[in-house]
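Novice: Okay, handing you the structure first.
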Amino acid sequence: FQAEDGIRDAQESRGLGDVYKRQSMKKLNDFFEEKEIIKACKNPMQHEVKGDVAFKNVNFSYDKKIPTLRDINLQAKAGEKVALVGLTGAGKSTIANLVLRFYDADSGTIMVDNINVQQYDISKLRSCMAMVLQHVFIFKGTVRDNITLGDNDITEEQLIAAAKKIGVHDFIMKFANGYDTELSTEGGNISQGEQQLISFTRALVYNPRILLLDEATASIDTATEELIERGIQKIMEDRTSIVIAHRLSTIINSDRIYVINRGIVAEQGTHQELMKQKGLYFELYTTQFEKV
Ligand code: ADP
């Protein structure tokens, strides 16, 4: 299988990853269980995940000395879009890492559907989640492989439906061999925007209940920007989304915004509510957000 190395690299090099798929999940589980960063649960819960996510008084530190997150309380009900905003280093990615259970909280609880994440079988838990990172990973292989990551359970219909929904199908059909077009390493032969849309399709085809999205900041040209914005709106439909957001459009469209500052939830509310407070959010609005 020609793209096998690429797929393995895609799964391994991501460290955290681009989109977590079942195959890579096993490897990650083995890795984490080996390192005993997280404890396996003896009687894991088995149920269809709806997608409610909640943090209750969560404290976490990477080195068990300097606190990274302090008393975090936040909630994303099934189907809601929640935006995490704040300066670099505030703790936003750490929140995503804890949802995915790459680490366990030192105290407090993280719940999915009102059940402590520690009660789940970890592969089952992660199999209902997908993460899209800022850095898009495109490997040498076909467009199809880059979307399915070699998962043969994904049908042609599902593939095309996902690509159409994201708005990348027409681009793909313009490539020399459509979905069978070979992409070079790091996607050198397609635009950055197309790479992003392919990574969105990769997550969408998997139909996760919970989407964790680390939104890229670099805007390209206006037309591509619009496509990406539309893609982001589509990928968030019908699932819970927790977005480390940089685009004003994503932030405004979210149900709730959490402003993370030095490991705490400093402010929360809607765009209008937070603007009125003239606090940290207002400051970020004027200095940090990409106004698209
Ligand atoms: P943000 O996503 O808001 O930029 P992060 O969650 O990445 O913030 O980082 C929060 C803090 O935790 C930072 O001080 C960062 O340096 C630290 N940190 C992030 N990842 C690790 C890690 N794997 N090990 C140790 N410290 C980390």
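Just so we're on the same page: first chain in the structure tokens is A, next is B, and so on; residues restart at 1 for each chain, and ligands are numbered from 1 in the order they show up.
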Please, which residues of segment 73-114 of chain A, numbered as in this document, come out strand (DSSP E or B) from DSSP, as an NGL selection string?

Specialist: :A and (73-76 or 81-85 or 107-112)

Novice: Can I get the residues close to ligand 1 as an MDAnalysis selection string, where close means within 8 Å and we count only C-alpha atoms and all ligand atoms?

Specialist: chainID A and resid 61:63 68:69 85:95 244 260:263

Novice: Apply DSSP to the backbone of this structure and, from segment 18-259 of chain A, keep only the residues in alpha helix (DSSP H); write these as a PyMOL selection string.

Specialist: chain A and resi 22-35+92-99+122-127+143-148+156-166+169-174+192-204+222-236+248-252

Novice: Mind writing the picked residues with C-alpha atoms as a PDB file, in the first residue's frame?

Specialist:
```pdb
ATOM      1  CA  ARG A  22      -9.014   4.290  14.917  1.00  0.00           C
ATOM      2  CA  GLN A  23      -5.771   2.747  13.707  1.00  0.00           C
ATOM      3  CA  SER A  24      -3.591   5.423  15.220  1.00  0.00           C
ATOM      4  CA  MET A  25      -5.674   5.384  18.348  1.00  0.00           C
ATOM      5  CA  LYS A  26      -4.430   1.959  19.264  1.00  0.00           C
ATOM      6  CA  LYS A  27      -0.833   3.068  18.932  1.00  0.00           C
ATOM      7  CA  LEU A  28      -1.463   6.150  20.991  1.00  0.00           C
ATOM      8  CA  ASN A  29      -3.227   4.103  23.630  1.00  0.00           C
ATOM      9  CA  ASP A  30      -0.336   1.673  23.844  1.00  0.00           C
ATOM     10  CA  PHE A  31       2.056   4.569  24.094  1.00  0.00           C
ATOM     11  CA  PHE A  32       0.185   6.302  26.865  1.00  0.00           C
ATOM     12  CA  GLU A  33      -0.557   3.125  28.765  1.00  0.00           C
ATOM     13  CA  GLU A  34       3.108   2.208  28.576  1.00  0.00           C
ATOM     14  CA  LYS A  35       4.078   5.568  29.962  1.00  0.00           C
ATOM     15  CA  LYS A  92      -6.290  26.517  25.459  1.00  0.00           C
ATOM     16  CA  SER A  93      -4.560  23.527  23.828  1.00  0.00           C
ATOM     17  CA  THR A  94      -4.144  21.939  27.222  1.00  0.00           C
ATOM     18  CA  ILE A  95      -7.924  21.986  27.613  1.00  0.00           C
ATOM     19  CA  ALA A  96      -8.218  20.136  24.282  1.00  0.00           C
ATOM     20  CA  ASN A  97      -5.530  17.657  25.398  1.00  0.00           C
ATOM     21  CA  LEU A  98      -7.527  16.873  28.520  1.00  0.00           C
ATOM     22  CA  VAL A  99     -10.765  16.302  26.585  1.00  0.00           C
ATOM     23  CA  ILE A 122     -10.125   5.283  25.991  1.00  0.00           C
ATOM     24  CA  SER A 123     -10.326   4.126  22.369  1.00  0.00           C
ATOM     25  CA  LYS A 124     -14.094   4.333  22.528  1.00  0.00           C
ATOM     26  CA  LEU A 125     -13.871   7.822  23.958  1.00  0.00           C
ATOM     27  CA  ARG A 126     -11.448   9.020  21.324  1.00  0.00           C
ATOM     28  CA  SER A 127     -13.309   7.282  18.520  1.00  0.00           C
ATOM     29  CA  VAL A 143      -6.099  12.774  -2.269  1.00  0.00           C
ATOM     30  CA  ARG A 144      -8.322   9.848  -1.277  1.00  0.00           C
ATOM     31  CA  ASP A 145      -5.701   8.389   1.078  1.00  0.00           C
ATOM     32  CA  ASN A 146      -5.093  11.802   2.545  1.00  0.00           C
ATOM     33  CA  ILE A 147      -8.771  12.035   3.425  1.00  0.00           C
ATOM     34  CA  THR A 148      -9.543   8.463   4.510  1.00  0.00           C
ATOM     35  CA  GLU A 156     -16.895   6.489  -1.992  1.00  0.00           C
ATOM     36  CA  GLU A 157     -20.306   8.079  -1.297  1.00  0.00           C
ATOM     37  CA  GLN A 158     -19.266   9.160   2.195  1.00  0.00           C
ATOM     38  CA  LEU A 159     -16.001  10.526   0.839  1.00  0.00           C
ATOM     39  CA  ILE A 160     -17.683  12.583  -1.871  1.00  0.00           C
ATOM     40  CA  ALA A 161     -20.491  13.756   0.410  1.00  0.00           C
ATOM     41  CA  ALA A 162     -17.950  15.017   2.957  1.00  0.00           C
ATOM     42  CA  ALA A 163     -15.839  16.745   0.291  1.00  0.00           C
ATOM     43  CA  LYS A 164     -18.946  18.390  -1.171  1.00  0.00           C
ATOM     44  CA  LYS A 165     -20.099  19.575   2.203  1.00  0.00           C
ATOM     45  CA  ILE A 166     -16.725  21.171   2.895  1.00  0.00           C
ATOM     46  CA  HIS A 169     -15.086  18.421  -4.231  1.00  0.00           C
ATOM     47  CA  ASP A 170     -14.998  20.758  -7.239  1.00  0.00           C
ATOM     48  CA  PHE A 171     -11.342  21.560  -6.612  1.00  0.00           C
ATOM     49  CA  ILE A 172     -10.506  17.882  -6.375  1.00  0.00           C
ATOM     50  CA  MET A 173     -12.357  17.128  -9.596  1.00  0.00           C
ATOM     51  CA  LYS A 174     -10.210  19.749 -11.343  1.00  0.00           C
ATOM     52  CA  GLN A 192      -2.550  25.960   1.470  1.00  0.00           C
ATOM     53  CA  GLY A 193      -6.256  26.611   1.359  1.00  0.00           C
ATOM     54  CA  GLU A 194      -6.895  23.320  -0.439  1.00  0.00           C
ATOM     55  CA  GLN A 195      -4.750  21.529   2.114  1.00  0.00           C
ATOM     56  CA  GLN A 196      -6.859  22.984   4.902  1.00  0.00           C
ATOM     57  CA  LEU A 197     -10.083  21.956   3.201  1.00  0.00           C
ATOM     58  CA  ILE A 198      -8.725  18.426   2.755  1.00  0.00           C
ATOM     59  CA  SER A 199      -7.922  18.259   6.456  1.00  0.00           C
ATOM     60  CA  PHE A 200     -11.482  19.407   7.276  1.00  0.00           C
ATOM     61  CA  THR A 201     -12.854  16.690   4.990  1.00  0.00           C
ATOM     62  CA  ARG A 202     -10.625  14.169   6.761  1.00  0.00           C
ATOM     63  CA  ALA A 203     -12.332  15.066  10.042  1.00  0.00           C
ATOM     64  CA  LEU A 204     -15.852  15.322   8.623  1.00  0.00           C
ATOM     65  CA  THR A 222      -9.979  36.660   0.343  1.00  0.00           C
ATOM     66  CA  ALA A 223     -11.519  33.981  -1.871  1.00  0.00           C
ATOM     67  CA  THR A 224      -9.703  31.150  -0.079  1.00  0.00           C
ATOM     68  CA  GLU A 225     -10.436  32.764   3.242  1.00  0.00           C
ATOM     69  CA  GLU A 226     -14.148  32.671   2.446  1.00  0.00           C
ATOM     70  CA  LEU A 227     -13.931  29.012   1.471  1.00  0.00           C
ATOM     71  CA  ILE A 228     -12.154  28.161   4.688  1.00  0.00           C
ATOM     72  CA  GLU A 229     -14.620  30.108   6.748  1.00  0.00           C
ATOM     73  CA  ARG A 230     -17.471  28.258   5.063  1.00  0.00           C
ATOM     74  CA  GLY A 231     -15.635  24.938   5.562  1.00  0.00           C
ATOM     75  CA  ILE A 232     -15.253  25.690   9.266  1.00  0.00           C
ATOM     76  CA  GLN A 233     -18.960  26.447   9.628  1.00  0.00           C
ATOM     77  CA  LYS A 234     -19.810  23.170   7.846  1.00  0.00           C
ATOM     78  CA  ILE A 235     -17.448  20.993   9.822  1.00  0.00           C
ATOM     79  CA  MET A 236     -18.962  22.300  13.060  1.00  0.00           C
ATOM     80  CA  LEU A 248     -13.745  36.799  14.574  1.00  0.00           C
ATOM     81  CA  SER A 249     -16.394  35.059  12.433  1.00  0.00           C
ATOM     82  CA  THR A 250     -15.853  31.762  14.272  1.00  0.00           C
ATOM     83  CA  ILE A 251     -15.899  33.512  17.631  1.00  0.00           C
ATOM     84  CA  ILE A 252     -19.077  35.479  16.917  1.00  0.00           C
TER      85      ILE A 252
END
```

Novice: Could you check which of A:Gly167, A:Ile264, A:Phe175, A:Ala130 is closest to Asn207 of chain A, using only C-alpha atoms?

Specialist: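 For Asn207 of chain A, the nearest of the given residues is A:Ala130.
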
Novice: At a cut-off of 8 Å, using only C-alpha atoms, what residues contact segment 267-273 of chain A? Leave out same-chain residues fewer than 4 positions from it and give the result as a ChimeraX atom specification.

Specialist: /A:251-252,254-260,277,280-281

Novice: Of the residues A:Leu74, A:Ile154, A:Leu84, A:Val136, which is the one nearest to Met111 of chain A, using only C-alpha atoms?

Specialist: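 Comparing A:Leu74, A:Ile154, A:Leu84, A:Val136 against Met111 of chain A, the winner is A:Leu74.
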
Novice: When distances are computed from only C-alpha atoms, which of A:Asp153, A:Leu212, A:Ile138, A:Ala78 shows the smallest separation from Ser191 of chain A?

Specialist: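 When distances to Ser191 of chain A are compared using only C-alpha atoms, the smallest one comes from A:Ile138.
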
Novice: Choose the residue, out of A:Val58, A:Val117, A:Ala176, A:Val53, that has the smallest atom-to-atom separation from Gln75 of chain A; count only C-alpha atoms.

Specialist: A:Val53

Novice: I want to know what sits within 8 Å of Leu183 of chain A, based on only C-alpha atoms, with residues of the same chain fewer than 3 positions away left out; could you give that as a VMD selection string?

Specialist: chain A and resid 138 to 143 187 to 190

Novice: Please measure the separation of atom CA of Ala83 of chain A and atom CA of Phe102 of chain A, giving the value in Å to one decimal.

Specialist: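 Interatomic distance, atom CA of Ala83 of chain A to atom CA of Phe102 of chain A: 20.4 Å.
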
Novice: Quick one: residues within 10 Å of segment 112-116 of chain A, only C-alpha atoms, excluding same-chain residues fewer than 4 positions away - as a short mmCIF file (atom, residue, chain, number, x, y, z; two decimals) with N, CA and C atoms, in the first residue's frame?

Specialist:
```
data_model
loop_
_atom_site.label_atom_id
_atom_site.label_comp_id
_atom_site.auth_asym_id
_atom_site.auth_seq_id
_atom_site.Cartn_x
_atom_site.Cartn_y
_atom_site.Cartn_z
N MET A 45 -17.33 2.32 30.54
CA MET A 45 -18.72 2.54 30.14
C MET A 45 -18.83 2.34 28.63
N HIS A 47 -21.56 3.34 25.78
CA HIS A 47 -22.84 3.88 25.32
C HIS A 47 -22.57 4.80 24.14
N GLU A 48 -23.61 5.08 23.37
CA GLU A 48 -23.45 5.99 22.24
C GLU A 48 -23.24 7.40 22.78
N VAL A 49 -22.15 8.00 22.40
CA VAL A 49 -21.84 9.32 22.93
C VAL A 49 -22.68 10.39 22.23
N LYS A 50 -23.31 11.24 23.03
CA LYS A 50 -24.10 12.36 22.48
C LYS A 50 -23.22 13.57 22.20
N GLY A 51 -22.32 13.81 23.14
CA GLY A 51 -21.38 14.90 22.92
C GLY A 51 -21.44 16.07 23.89
N ASP A 52 -22.03 15.88 25.07
CA ASP A 52 -21.94 16.92 26.11
C ASP A 52 -20.53 16.87 26.69
N VAL A 53 -19.91 18.02 26.82
CA VAL A 53 -18.57 18.07 27.44
C VAL A 53 -18.62 19.06 28.60
N ALA A 54 -18.06 18.69 29.74
CA ALA A 54 -18.03 19.64 30.86
C ALA A 54 -16.75 19.48 31.67
N PHE A 55 -16.19 20.60 32.07
CA PHE A 55 -15.06 20.62 33.01
C PHE A 55 -15.60 21.13 34.34
N GLN A 75 -18.44 24.37 29.79
CA GLN A 75 -19.44 23.43 29.32
C GLN A 75 -19.72 23.62 27.83
N ALA A 76 -19.82 22.50 27.13
CA ALA A 76 -20.29 22.52 25.75
C ALA A 76 -21.35 21.44 25.67
N LYS A 77 -22.60 21.84 25.54
CA LYS A 77 -23.67 20.84 25.43
C LYS A 77 -23.62 20.22 24.04
N ALA A 78 -24.20 19.03 23.91
CA ALA A 78 -24.20 18.35 22.62
C ALA A 78 -24.69 19.30 21.53
N VAL A 99 -9.52 16.90 27.12
CA VAL A 99 -10.76 16.30 26.59
C VAL A 99 -10.41 14.98 25.91
N GLY A 108 -10.48 17.60 40.09
CA GLY A 108 -11.65 18.03 39.33
C GLY A 108 -12.03 16.95 38.33
N TYR A 120 -14.52 5.87 30.73
CA TYR A 120 -14.68 5.34 29.38
C TYR A 120 -13.50 4.46 28.99
N LEU A 125 -13.73 6.39 23.72
CA LEU A 125 -13.87 7.82 23.96
C LEU A 125 -13.30 8.61 22.78
N ILE A 210 -17.66 14.92 18.78
CA ILE A 210 -17.00 16.07 19.38
C ILE A 210 -15.82 16.47 18.49
#
```

Novice: Point out the residue among A:Val168, A:Ile72, A:Ala266, A:Met131 with the least atom-to-atom distance to Asp214 of chain A, counting only C-alpha atoms.

Specialist: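 The closest residue to Asp214 of chain A is A:Met131.
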